[in-house]
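Participant: File follows, my_file_10.csv with CSV, C-alpha atoms and all ligand atoms:
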```csv
chain,number,residue,atom,x,y,z
A,30,MET,CA,151.4,115.6,232.2
A,31,GLN,CA,152.4,115.4,235.9
A,32,PRO,CA,150.8,112.3,237.5
A,33,LEU,CA,148.1,113.3,240.0
A,34,TRP,CA,149.3,110.7,242.4
A,35,PRO,CA,152.8,110.6,243.6
A,36,GLN,CA,154.6,107.6,242.1
A,37,PRO,CA,154.7,104.6,244.5
A,38,THR,CA,157.8,105.0,246.6
A,39,ASP,CA,160.0,102.3,247.9
A,40,GLY,CA,157.4,100.7,250.2
A,41,ALA,CA,154.5,98.3,249.9
A,42,THR,CA,151.0,99.1,248.5
A,43,ARG,CA,148.4,98.5,251.2
A,44,VAL,CA,145.0,97.9,249.7
A,45,TYR,CA,141.9,98.2,251.8
A,46,TYR,CA,138.3,97.5,250.7
A,47,LEU,CA,136.0,99.5,252.9
A,48,GLY,CA,132.3,99.4,252.7
A,49,ILE,CA,130.1,102.0,254.4
A,50,GLN,CA,127.1,100.2,256.0
A,51,ASP,CA,124.1,101.1,258.0
A,52,VAL,CA,123.8,99.0,261.2
A,53,GLU,CA,121.8,98.7,264.4
A,54,TRP,CA,124.1,99.4,267.3
A,55,ASN,CA,123.4,98.6,270.9
A,56,TYR,CA,125.5,100.6,273.4
A,57,ALA,CA,124.7,98.2,276.2
A,58,PRO,CA,124.3,94.7,274.8
A,59,LYS,CA,124.5,93.1,278.2
A,60,GLY,CA,121.6,95.1,279.6
A,61,ARG,CA,123.4,95.8,282.8
A,62,ASN,CA,126.1,98.0,284.1
A,63,VAL,CA,129.1,95.8,283.8
A,64,ILE,CA,131.2,97.9,286.1
A,65,THR,CA,128.8,97.9,289.1
A,66,ASN,CA,127.2,94.6,288.0
A,67,GLN,CA,123.8,96.2,288.5
A,68,PRO,CA,120.8,95.7,286.3
A,69,LEU,CA,119.9,98.8,284.4
A,70,ASP,CA,116.6,99.3,286.2
A,71,SER,CA,118.4,99.8,289.5
A,72,ASP,CA,121.0,102.2,288.0
A,73,THR,CA,119.3,105.6,287.5
A,74,VAL,CA,122.3,107.2,285.8
A,75,ALA,CA,122.8,104.4,283.3
A,76,SER,CA,119.1,103.9,282.6
A,77,SER,CA,118.7,107.6,281.7
A,78,PHE,CA,120.9,106.8,278.7
A,79,LEU,CA,120.0,103.2,278.0
A,80,LYS,CA,116.3,102.6,278.7
A,81,SER,CA,113.9,103.3,275.8
A,82,ASP,CA,110.5,104.8,276.7
A,83,LYS,CA,107.7,106.9,275.3
A,84,ASN,CA,110.1,109.7,274.4
A,85,ARG,CA,113.5,108.0,275.0
A,86,ILE,CA,115.5,106.1,272.3
A,87,GLY,CA,117.3,103.8,274.8
A,88,SER,CA,120.5,101.9,274.1
A,89,SER,CA,120.0,100.9,270.4
A,90,TYR,CA,120.6,103.3,267.6
A,91,LYS,CA,120.9,103.0,263.9
A,92,LYS,CA,124.4,104.0,263.0
A,93,THR,CA,126.6,104.1,259.8
A,94,ILE,CA,130.1,102.6,260.1
A,95,TYR,CA,133.1,101.5,258.0
A,96,LYS,CA,133.5,97.8,257.5
A,97,GLU,CA,136.5,96.0,255.9
A,98,TYR,CA,136.1,93.4,253.2
A,99,SER,CA,138.5,90.9,251.8
A,100,ASP,CA,138.3,92.0,248.1
A,101,SER,CA,136.5,94.0,245.5
A,102,SER,CA,133.4,91.7,245.6
A,103,TYR,CA,132.6,93.1,249.1
A,104,MET,CA,131.1,89.7,249.9
A,105,HIS,CA,133.4,88.7,252.7
A,106,GLU,CA,133.5,90.9,255.8
A,107,MET,CA,136.8,90.8,257.7
A,108,ALA,CA,136.6,89.8,261.3
A,109,GLN,CA,137.2,92.6,263.8
A,110,PRO,CA,137.8,92.3,267.5
A,111,THR,CA,134.6,93.1,269.4
A,112,TRP,CA,136.4,95.5,271.7
A,113,MET,CA,136.8,97.9,268.8
A,114,GLY,CA,133.1,98.7,269.2
A,115,PHE,CA,131.8,100.6,266.1
A,116,LEU,CA,135.2,102.0,265.1
A,117,GLY,CA,136.2,101.3,261.5
A,118,PRO,CA,139.0,98.9,260.8
A,119,VAL,CA,142.6,99.7,261.8
A,120,LEU,CA,144.4,101.0,258.7
A,121,GLN,CA,148.2,100.5,259.0
A,122,ALA,CA,151.1,101.4,256.8
A,123,GLU,CA,154.8,102.3,257.0
A,124,VAL,CA,156.8,105.3,255.7
A,125,GLY,CA,157.3,104.8,252.0
A,126,ASP,CA,154.1,102.9,251.5
A,127,VAL,CA,151.0,103.7,249.4
A,128,ILE,CA,147.6,103.2,251.0
A,129,LEU,CA,144.8,102.5,248.5
A,130,ILE,CA,141.3,102.7,249.9
A,131,HIS,CA,138.6,101.3,247.8
A,132,LEU,CA,135.6,102.9,249.4
A,133,LYS,CA,132.1,101.7,248.5
A,134,ASN,CA,129.0,103.3,249.9
A,135,PHE,CA,126.3,100.8,250.8
A,136,ALA,CA,124.4,103.3,252.9
A,137,THR,CA,121.6,105.8,252.1
A,138,ARG,CA,123.4,109.2,252.2
A,139,PRO,CA,126.6,110.5,250.6
A,140,TYR,CA,129.8,109.9,252.7
A,141,THR,CA,133.6,110.0,252.3
A,142,ILE,CA,136.8,109.0,254.0
A,143,HIS,CA,139.2,111.7,255.0
A,144,PRO,CA,142.5,110.8,256.7
A,145,HIS,CA,144.8,112.6,259.2
A,146,GLY,CA,148.6,112.0,259.3
A,147,VAL,CA,149.2,111.0,255.7
A,148,PHE,CA,149.8,112.8,252.4
A,149,TYR,CA,147.2,113.0,249.7
A,150,GLU,CA,146.5,115.0,246.5
A,151,LYS,CA,143.2,116.9,245.9
A,152,ASP,CA,141.5,113.8,244.5
A,153,SER,CA,142.0,111.8,247.7
A,154,GLU,CA,141.2,114.3,250.4
A,155,GLY,CA,137.7,113.2,251.0
A,156,SER,CA,136.4,116.5,252.4
A,157,LEU,CA,133.5,118.5,251.0
A,158,TYR,CA,134.0,122.3,251.1
A,159,PRO,CA,133.9,125.1,248.6
A,160,ASP,CA,137.5,124.6,247.3
A,161,GLY,CA,136.8,125.6,243.7
A,162,SER,CA,137.7,122.1,242.5
A,163,SER,CA,135.6,120.2,239.9
A,164,GLY,CA,135.4,116.9,238.0
A,165,LEU,CA,137.9,114.2,239.1
A,166,LEU,CA,139.1,116.5,241.9
A,167,LYS,CA,135.6,116.7,243.3
A,168,ALA,CA,134.6,113.0,243.1
A,169,ASP,CA,136.3,112.3,246.4
A,170,ASP,CA,134.2,115.0,248.2
A,171,SER,CA,131.0,113.0,248.3
A,172,VAL,CA,130.5,109.4,247.4
A,173,PRO,CA,126.8,108.8,246.7
A,174,PRO,CA,124.8,105.8,247.9
A,175,GLY,CA,125.8,102.9,245.6
A,176,GLY,CA,128.9,104.8,244.5
A,177,SER,CA,132.6,104.1,245.1
A,178,HIS,CA,135.9,105.9,245.0
A,179,ILE,CA,139.6,105.0,245.3
A,180,TYR,CA,141.6,107.2,247.7
A,181,ASN,CA,145.4,107.2,247.3
A,182,TRP,CA,147.3,108.2,250.4
A,183,THR,CA,151.1,108.0,251.0
A,184,ILE,CA,153.5,108.4,253.9
A,185,PRO,CA,156.4,110.4,252.7
A,186,GLU,CA,159.4,111.3,254.9
A,187,SER,CA,157.7,114.6,255.7
A,188,HIS,CA,154.9,112.7,257.4
A,189,ALA,CA,157.1,110.0,259.1
A,190,PRO,CA,157.2,109.5,262.9
A,191,THR,CA,160.3,111.4,264.1
A,192,ASP,CA,163.3,109.8,265.9
A,193,ALA,CA,161.7,110.8,269.2
A,194,ASP,CA,158.3,109.3,268.4
A,195,PRO,CA,157.3,105.7,269.1
A,196,ALA,CA,157.5,103.3,266.2
A,197,CYS,CA,153.9,104.1,265.1
A,198,LEU,CA,151.7,107.1,265.4
A,199,THR,CA,148.0,106.9,265.9
A,200,TRP,CA,145.7,109.1,263.7
A,201,ILE,CA,142.1,108.9,262.7
A,202,TYR,CA,140.1,108.8,259.5
A,203,HIS,CA,136.5,109.9,259.2
A,204,SER,CA,133.8,110.8,256.8
A,205,HIS,CA,133.9,114.5,255.9
A,206,VAL,CA,130.8,115.5,253.9
A,207,ASP,CA,129.6,117.1,257.1
A,208,ALA,CA,132.3,116.0,259.5
A,209,PRO,CA,130.6,116.5,263.0
A,210,ARG,CA,127.4,114.8,261.8
A,211,ASP,CA,129.1,112.1,259.8
A,212,ILE,CA,131.3,111.3,262.9
A,213,ALA,CA,128.4,111.3,265.3
A,214,THR,CA,126.6,108.9,262.9
A,215,GLY,CA,129.6,106.5,263.4
A,216,LEU,CA,132.0,107.0,260.5
A,217,ILE,CA,135.4,107.1,262.3
A,218,GLY,CA,138.3,104.7,262.7
A,219,PRO,CA,142.1,104.5,263.5
A,220,LEU,CA,144.9,105.1,261.1
A,221,ILE,CA,148.4,104.0,262.1
A,222,THR,CA,151.6,105.3,260.4
A,223,CYS,CA,154.8,103.4,261.3
A,224,LYS,CA,158.5,103.7,260.9
A,225,ARG,CA,160.0,101.4,258.2
A,226,GLY,CA,160.4,97.8,259.3
A,227,THR,CA,157.8,97.9,262.1
A,228,LEU,CA,155.0,95.9,260.5
A,229,ASP,CA,155.4,92.2,259.7
A,230,GLY,CA,154.2,90.6,256.4
A,231,ASN,CA,151.2,88.8,257.9
A,232,SER,CA,147.5,89.5,257.2
A,233,PRO,CA,146.2,91.2,259.2
A,234,LEU,CA,149.4,93.2,259.6
A,235,ARG,CA,151.0,93.1,263.0
A,236,ARG,CA,153.4,95.4,264.7
A,237,GLN,CA,156.6,93.7,265.7
A,238,ASP,CA,157.5,96.2,268.4
A,239,VAL,CA,154.6,95.4,270.7
A,240,ASP,CA,152.7,92.3,271.9
A,241,ASN,CA,149.3,93.8,271.6
A,242,SER,CA,147.7,97.0,270.5
A,243,PHE,CA,144.3,98.3,271.5
A,244,PHE,CA,142.5,101.3,270.0
A,245,LEU,CA,140.2,103.2,272.2
A,246,LEU,CA,138.1,106.3,271.3
A,247,PHE,CA,137.4,108.4,274.3
A,248,SER,CA,134.5,110.5,273.3
A,249,VAL,CA,130.9,111.3,274.1
A,250,VAL,CA,128.9,110.2,271.0
A,251,ASP,CA,126.2,112.8,270.4
A,252,GLU,CA,123.4,110.9,268.8
A,253,ASN,CA,121.4,114.1,268.5
A,254,LEU,CA,123.8,115.0,265.6
A,255,SER,CA,123.4,111.7,263.9
A,256,TRP,CA,121.8,111.7,260.4
A,257,HIS,CA,119.5,109.0,261.8
A,258,ILE,CA,118.1,110.9,264.8
A,259,ASN,CA,114.6,111.1,263.3
A,260,GLU,CA,114.6,107.5,262.3
A,261,ASN,CA,115.9,106.4,265.7
A,262,ILE,CA,113.1,108.4,267.4
A,263,ALA,CA,110.5,106.7,265.1
A,264,THR,CA,112.0,103.2,265.6
A,265,TYR,CA,112.8,103.2,269.3
A,266,CYS,CA,110.5,105.6,271.1
A,267,SER,CA,107.2,104.1,271.9
A,268,ASP,CA,105.4,107.4,271.4
A,269,PRO,CA,107.5,109.2,268.8
A,270,VAL,CA,105.2,112.2,268.5
A,271,SER,CA,105.7,113.1,272.2
A,272,VAL,CA,109.4,113.7,271.5
A,273,ASP,CA,110.7,117.3,271.7
A,274,LYS,CA,114.1,117.3,270.1
A,275,GLU,CA,114.9,120.6,271.7
A,276,ASP,CA,114.3,119.3,275.2
A,277,GLU,CA,117.5,119.3,277.1
A,278,ALA,CA,116.8,116.0,279.0
A,279,PHE,CA,116.0,114.2,275.7
A,280,GLN,CA,119.2,115.5,274.2
A,281,GLU,CA,121.2,114.5,277.2
A,282,SER,CA,119.7,111.0,277.0
A,283,ASN,CA,121.3,110.7,273.5
A,284,ARG,CA,124.8,111.7,274.5
A,285,MET,CA,126.3,108.3,274.7
A,286,HIS,CA,129.3,108.1,277.0
A,287,ASP,CA,130.9,105.1,275.5
A,288,GLY,CA,130.9,103.4,272.1
A,289,MET,CA,133.0,100.4,273.1
A,290,GLN,CA,131.8,97.0,273.9
A,291,ALA,CA,134.4,95.9,276.3
A,292,LEU,CA,135.5,96.5,279.9
A,293,TYR,CA,139.2,97.3,280.1
A,294,ASN,CA,141.1,96.6,283.3
A,295,VAL,CA,144.2,98.7,283.0
A,296,LYS,CA,147.0,97.6,285.3
A,297,SER,CA,150.1,99.8,285.6
A,298,CYS,CA,153.3,98.2,284.4
A,299,SER,CA,155.6,99.7,287.0
A,300,MET,CA,155.5,101.9,290.1
A,301,ALA,CA,159.0,103.3,289.5
A,302,PRO,CA,159.1,107.0,288.9
A,303,PRO,CA,159.6,108.3,285.4
A,304,VAL,CA,163.2,108.5,284.5
A,305,ASN,CA,163.3,112.1,283.3
A,306,LEU,CA,161.8,114.0,286.2
A,307,LEU,CA,160.7,117.5,285.3
A,308,THR,CA,162.8,120.1,287.1
A,309,GLY,CA,161.2,123.4,285.8
A,310,ASN,CA,158.6,125.6,287.4
A,311,VAL,CA,154.9,124.8,287.6
A,312,ARG,CA,153.1,127.5,285.7
A,313,GLN,CA,149.5,128.0,286.6
A,314,TYR,CA,147.0,129.8,284.5
A,315,PHE,CA,143.5,130.7,285.5
A,316,ILE,CA,141.4,130.6,282.3
A,317,GLU,CA,137.7,131.4,282.1
A,318,ALA,CA,135.5,130.7,279.1
A,319,HIS,CA,133.6,133.9,278.8
A,320,GLU,CA,130.5,134.6,276.6
A,321,ILE,CA,130.8,137.9,274.8
A,322,LEU,CA,129.0,139.8,272.0
A,323,TRP,CA,131.7,140.1,269.4
A,324,ASP,CA,131.6,142.7,266.7
A,325,TYR,CA,133.6,141.7,263.6
A,326,GLY,CA,133.6,145.3,262.4
A,327,PRO,CA,133.8,147.6,265.5
A,328,THR,CA,134.7,150.8,263.6
A,329,GLY,CA,131.9,150.2,261.1
A,330,TYR,CA,134.4,151.1,258.3
A,331,ASP,CA,136.6,149.0,256.0
A,332,GLY,CA,140.1,150.0,257.0
A,333,SER,CA,141.6,149.7,253.5
A,334,THR,CA,138.9,151.4,251.5
A,335,GLY,CA,137.4,153.7,254.1
A,336,LYS,CA,134.0,152.6,253.0
A,337,ASN,CA,131.1,151.9,255.4
A,338,LEU,CA,130.9,148.1,255.9
A,339,ARG,CA,127.2,148.2,255.5
A,340,GLU,CA,127.2,150.3,252.2
A,341,PRO,CA,125.1,148.5,249.6
A,342,GLY,CA,127.3,147.0,246.9
A,343,SER,CA,130.5,147.4,248.9
A,344,GLY,CA,131.0,143.6,249.0
A,345,SER,CA,131.2,143.7,252.8
A,346,ASP,CA,127.6,144.6,253.1
A,347,ILE,CA,126.5,140.9,252.9
A,348,PHE,CA,128.5,140.2,256.1
A,349,PHE,CA,127.6,143.3,258.0
A,350,GLN,CA,124.2,144.4,257.0
A,351,LYS,CA,121.6,143.2,259.5
A,352,GLY,CA,118.2,142.2,258.1
A,353,SER,CA,115.2,140.0,258.7
A,354,SER,CA,117.2,136.9,257.6
A,355,ARG,CA,120.8,138.1,258.2
A,356,ILE,CA,122.7,138.2,261.5
A,357,GLY,CA,125.0,141.1,260.6
A,358,GLY,CA,128.5,141.6,262.0
A,359,THR,CA,127.9,140.9,265.7
A,360,TYR,CA,127.8,137.4,267.1
A,361,TRP,CA,127.7,135.8,270.5
A,362,LYS,CA,131.0,134.0,271.0
A,363,VAL,CA,132.9,132.3,273.8
A,364,ARG,CA,136.4,133.6,274.5
A,365,TYR,CA,139.1,132.4,276.9
A,366,GLU,CA,140.1,135.1,279.4
A,367,ALA,CA,143.0,134.9,281.8
A,368,PHE,CA,142.6,135.8,285.5
A,369,GLN,CA,145.3,136.4,288.2
A,370,ASP,CA,144.2,133.7,290.6
A,371,GLU,CA,141.7,131.1,291.5
A,372,THR,CA,139.1,133.7,292.6
A,373,PHE,CA,138.7,134.7,289.0
A,374,GLN,CA,138.2,138.4,290.1
A,375,LYS,CA,141.1,140.3,288.5
A,376,LYS,CA,141.8,139.9,284.9
A,377,VAL,CA,145.3,139.7,283.5
A,378,GLN,CA,145.8,142.6,281.2
A,379,LEU,CA,148.3,142.3,278.4
A,380,GLU,CA,149.2,144.6,275.5
A,381,GLU,CA,148.6,141.8,273.1
A,382,ASP,CA,144.9,142.0,273.9
A,383,GLU,CA,144.6,144.6,271.3
A,384,HIS,CA,145.5,142.5,268.3
A,385,LEU,CA,144.6,139.0,269.5
A,386,GLY,CA,140.9,139.5,268.8
A,387,ILE,CA,138.8,136.6,269.9
A,388,LEU,CA,141.9,134.4,270.4
A,389,GLY,CA,142.6,133.6,274.0
A,390,GLU,CA,144.0,136.7,275.8
A,391,GLU,CA,147.2,135.3,277.0
A,392,SER,CA,149.6,133.2,275.1
A,393,LEU,CA,150.7,130.3,277.2
A,394,THR,CA,154.4,130.2,277.4
A,395,TYR,CA,156.6,127.4,278.6
A,396,GLU,CA,160.2,126.6,279.0
A,397,ILE,CA,161.6,123.1,278.5
A,398,GLY,CA,161.3,121.2,281.7
A,399,ASN,CA,158.0,122.8,282.9
B,401,CU,CU,139.3,115.3,260.8
```
Could you render the structure from this file as structure tokens?
Facilitator:
Amino acid sequence: MQPLWPQPTDGATRVYYLGIQDVEWNYAPKGRNVITNQPLDSDTVASSFLKSDKNRIGSSYKKTIYKEYSDSSYMHEMAQPTWMGFLGPVLQAEVGDVILIHLKNFATRPYTIHPHGVFYEKDSEGSLYPDGSSGLLKADDSVPPGGSHIYNWTIPESHAPTDADPACLTWIYHSHVDAPRDIATGLIGPLITCKRGTLDGNSPLRRQDVDNSFFLLFSVVDENLSWHINENIATYCSDPVSVDKEDEAFQESNRMHDGMQALYNVKSCSMAPPVNLLTGNVRQYFIEAHEILWDYGPTGYDGSTGKNLREPGSGSDIFFQKGSSRIGGTYWKVRYEAFQDETFQKKVQLEEDEHLGILGEESLTYEIGN
């Protein structure tokens, strides 16, 4: 029988013990705006996100995150720089390596780990979706509370950084039972794939081509999507019953604009102009995001069978028949539309419009050098 996992190639096997843990996370542990050096009370913008109240959660939230442990006992948590915030540990490997993730779920909901930028077979994908798989090929899709799973990822040549790339590429991994909600809850971290010979043999691994590396996630963390939103309301709002979760101001107060716990002072290395100055044209596009009612079956007929899309038993009826609990075939969508100039008055009309459907109207075309 063919092995499910590709045989270890010529590289090292990088073993990581990751535990999924519930934690209390404070977005503003210093209690003041560290950029303006103002206390939160005198900073109305910051305090709208960070002060708890009758119907406001404030700066602390329950989150669920990846933590790294030294071995399979999961007794000794590995130290992580505080500037990484709630990001999971940095996973690093080189082309030819095998990455073995021993994932154990110490939290209260099923979660997984799903990588970008590496190769995996079906048993190590870590994404839950109706893929028709079962048994061993399904075990990676959802690791229950108290459960564990070993994920096997490799970096074959097909996934290697190219000659033109830097020595290492930065990817992410995240939980993917319900990706948007799992990520908003906190389950995301950096995954680094390097050319051969970049990493040294130390523990933790270090890149030999740079002095320091920092991993920053630029993202608004939408705590409204967190699996813990109800618990956070109950814990941190002083009058939880007064909370209206649909209220726009409440929702905005839970969109956290930074998940890091450090202030970065970025100094530029050199004022010299970049060596390869671009010499092509500047191509401007005026693109509007436009809300439209989109009909997935505008003719009402199935083009291949000639049948009415809503005909009972046609197979298409479940998608197109409108009912008390069915949307039917027409949905509000948002579509990109191209305009001729910054006044956004005259649309650009192209013949492709016919077949592009809801895809943006104009394909953006460039030449090298633009
Ligand atoms: Cu993803």
Participant: So, with only C-alpha atoms as the atoms that count, which of A:Ser267, A:Asn55, A:Gln121, A:Asn241 lies closest to Leu220 (chain A)?
Facilitator: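 Of the candidates, the smallest distance to Leu220 (chain A) is held by A:Gln121.
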Participant: Near region 192-203 of chain A, within 9 Å and counting only C-alpha atoms, which residues show up once chain neighbours fewer than 3 positions away are dropped, as an mmCIF file with C-alpha atoms, in the coordinates of the input?
Facilitator:
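And here is the file that came out, around.cif:
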```cif
data_model
loop_
_atom_site.group_PDB
_atom_site.id
_atom_site.type_symbol
_atom_site.label_atom_id
_atom_site.label_comp_id
_atom_site.auth_asym_id
_atom_site.auth_seq_id
_atom_site.Cartn_x
_atom_site.Cartn_y
_atom_site.Cartn_z
ATOM 1 C CA GLY A 117 136.200 101.300 261.500
ATOM 2 C CA LEU A 120 144.400 101.000 258.700
ATOM 3 C CA GLU A 123 154.800 102.300 257.000
ATOM 4 C CA THR A 141 133.600 110.000 252.300
ATOM 5 C CA ILE A 142 136.800 109.000 254.000
ATOM 6 C CA HIS A 143 139.200 111.700 255.000
ATOM 7 C CA PRO A 144 142.500 110.800 256.700
ATOM 8 C CA HIS A 145 144.800 112.600 259.200
ATOM 9 C CA GLY A 146 148.600 112.000 259.300
ATOM 10 C CA VAL A 147 149.200 111.000 255.700
ATOM 11 C CA GLY A 155 137.700 113.200 251.000
ATOM 12 C CA ALA A 189 157.100 110.000 259.100
ATOM 13 C CA ALA A 208 132.300 116.000 259.500
ATOM 14 C CA ASP A 211 129.100 112.100 259.800
ATOM 15 C CA ILE A 212 131.300 111.300 262.900
ATOM 16 C CA GLY A 215 129.600 106.500 263.400
ATOM 17 C CA LEU A 216 132.000 107.000 260.500
ATOM 18 C CA ILE A 217 135.400 107.100 262.300
ATOM 19 C CA GLY A 218 138.300 104.700 262.700
ATOM 20 C CA PRO A 219 142.100 104.500 263.500
ATOM 21 C CA LEU A 220 144.900 105.100 261.100
ATOM 22 C CA ILE A 221 148.400 104.000 262.100
ATOM 23 C CA THR A 222 151.600 105.300 260.400
ATOM 24 C CA CYS A 223 154.800 103.400 261.300
ATOM 25 C CA LYS A 224 158.500 103.700 260.900
ATOM 26 C CA ARG A 225 160.000 101.400 258.200
ATOM 27 C CA THR A 227 157.800 97.900 262.100
ATOM 28 C CA ARG A 236 153.400 95.400 264.700
ATOM 29 C CA ASP A 238 157.500 96.200 268.400
ATOM 30 C CA PHE A 244 142.500 101.300 270.000
#
```
Participant: If I take CA of Arg138 (chain A) and CA of Tyr158 (chain A), how far is one from the other in Å, to one decimal?
Facilitator: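 Value for the CA of Arg138 (chain A)-CA of Tyr158 (chain A) distance: 16.9 Å.
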Participant: With distances taken over only C-alpha atoms, which of A:Ser77, A:Asn84, A:Ser171, A:Asn259 is nearest to Ser271 (chain A)?
Facilitator: A:Asn84
Participant: Kindly give the distance, in Å, that separates CA of Gly48 (chain A) and CA of His188 (chain A), rounded to a single decimal.
Facilitator: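 Calculated distance between CA of Gly48 (chain A) and CA of His188 (chain A) is 26.6 Å.
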Participant: Within 7 Å of region 183-187 of chain A, counting only C-alpha atoms, which residues qualify if same-chain residues fewer than 6 places away don't, as a PyMOL selection string?
Facilitator: chain A and resi 123-128+147-149
Participant: Nearest to ligand CU 401 (chain B) among A:Ser156, A:Ser89, A:Gln67, A:Ser76, with distances taken over all atoms listed in the file: which residue is it?
Facilitator: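 Closest to ligand CU 401 (chain B), using all atoms listed in the file: A:Ser156.
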Participant: Write out as a ChimeraX atom specification which residues come within 8 Å of region 357-374 of chain A when counting only C-alpha atoms, dropping same-chain ones fewer than 2 positions away.
Facilitator: /A:314-326,347-352,355,376-377,387-391
Participant: For the residues selected in the previous step, produce a file with C-alpha atoms as a JSON list (two decimals), keeping the file's coordinate frame.
Facilitator:
```
[["chain", "number", "residue", "atom", "x", "y", "z"],
["A", 314, "TYR", "CA", 147.00, 129.80, 284.50],
["A", 315, "PHE", "CA", 143.50, 130.70, 285.50],
["A", 316, "ILE", "CA", 141.40, 130.60, 282.30],
["A", 317, "GLU", "CA", 137.70, 131.40, 282.10],
["A", 318, "ALA", "CA", 135.50, 130.70, 279.10],
["A", 319, "HIS", "CA", 133.60, 133.90, 278.80],
["A", 320, "GLU", "CA", 130.50, 134.60, 276.60],
["A", 321, "ILE", "CA", 130.80, 137.90, 274.80],
["A", 322, "LEU", "CA", 129.00, 139.80, 272.00],
["A", 323, "TRP", "CA", 131.70, 140.10, 269.40],
["A", 324, "ASP", "CA", 131.60, 142.70, 266.70],
["A", 325, "TYR", "CA", 133.60, 141.70, 263.60],
["A", 326, "GLY", "CA", 133.60, 145.30, 262.40],
["A", 347, "ILE", "CA", 126.50, 140.90, 252.90],
["A", 348, "PHE", "CA", 128.50, 140.20, 256.10],
["A", 349, "PHE", "CA", 127.60, 143.30, 258.00],
["A", 350, "GLN", "CA", 124.20, 144.40, 257.00],
["A", 351, "LYS", "CA", 121.60, 143.20, 259.50],
["A", 352, "GLY", "CA", 118.20, 142.20, 258.10],
["A", 355, "ARG", "CA", 120.80, 138.10, 258.20],
["A", 376, "LYS", "CA", 141.80, 139.90, 284.90],
["A", 377, "VAL", "CA", 145.30, 139.70, 283.50],
["A", 387, "ILE", "CA", 138.80, 136.60, 269.90],
["A", 388, "LEU", "CA", 141.90, 134.40, 270.40],
["A", 389, "GLY", "CA", 142.60, 133.60, 274.00],
["A", 390, "GLU", "CA", 144.00, 136.70, 275.80],
["A", 391, "GLU", "CA", 147.20, 135.30, 277.00]]
```
Participant: State, in Å with one decimal place, the distance from CA of Val63 (chain A) to CA of Lys91 (chain A).
Facilitator: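 Those two atoms sit 22.7 Å apart.
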Participant: Under the rule that all atoms listed in the file are counted, which of A:Phe135, A:Trp182, A:Tyr103, A:Phe78 is the nearest residue to Val249 (chain A)?
Facilitator: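 Checking each of A:Phe135, A:Trp182, A:Tyr103, A:Phe78 against Val249 (chain A), counting all atoms listed in the file, the winner is A:Phe78.
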Participant: Measuring between all atoms listed in the file, which one of A:Ala263, A:Ala57, A:Tyr98, A:Tyr45 shows the shortest distance to Ile179 (chain A)?
Facilitator: A:Tyr45
Participant: Could you tell me which of A:Asp240, A:Glu97, A:Asp72, A:Glu277 comes closest to Gln50 (chain A) if we count only C-alpha atoms?
Facilitator: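 Ranking A:Asp240, A:Glu97, A:Asp72, A:Glu277 by distance to Gln50 (chain A), first place goes to A:Glu97.
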Participant: Name the residues in contact with Ser177 (chain A) at a cut-off of 9 Å, using only C-alpha atoms, excluding same-chain residues fewer than 4 positions from it; report them as a ChimeraX atom specification.
Facilitator: /A:48,131-134,172-173
Participant: Give me region 271-281 of chain A from this structure - N, CA and C atoms, as a tab-separated table (two decimals), in the first residue's frame.
Facilitator:
```tsv
chain	number	residue	atom	x	y	z
A	271	SER	N	-28.18	44.15	29.50
A	271	SER	CA	-28.43	45.38	28.73
A	271	SER	C	-27.70	45.37	27.38
A	272	VAL	N	-26.93	44.31	27.10
A	272	VAL	CA	-26.16	44.28	25.86
A	272	VAL	C	-27.04	43.88	24.68
A	273	ASP	N	-26.97	44.68	23.62
A	273	ASP	CA	-27.61	44.31	22.36
A	273	ASP	C	-26.49	43.96	21.38
A	274	LYS	N	-26.35	42.66	21.09
A	274	LYS	CA	-25.23	42.21	20.24
A	274	LYS	C	-25.32	42.73	18.82
A	275	GLU	N	-26.52	43.17	18.41
A	275	GLU	CA	-26.70	43.69	17.05
A	275	GLU	C	-26.38	45.18	16.97
A	276	ASP	N	-26.21	45.80	18.13
A	276	ASP	CA	-25.97	47.25	18.16
A	276	ASP	C	-24.61	47.57	17.54
A	277	GLU	N	-24.61	48.50	16.58
A	277	GLU	CA	-23.39	48.79	15.82
A	277	GLU	C	-22.27	49.34	16.73
A	278	ALA	N	-22.64	50.18	17.70
A	278	ALA	CA	-21.62	50.75	18.59
A	278	ALA	C	-21.01	49.67	19.50
A	279	PHE	N	-21.84	48.74	19.94
A	279	PHE	CA	-21.31	47.61	20.73
A	279	PHE	C	-20.36	46.79	19.87
A	280	GLN	N	-20.79	46.48	18.65
A	280	GLN	CA	-19.93	45.66	17.77
A	280	GLN	C	-18.60	46.36	17.50
A	281	GLU	N	-18.67	47.68	17.23
A	281	GLU	CA	-17.44	48.42	16.94
A	281	GLU	C	-16.50	48.38	18.15
```
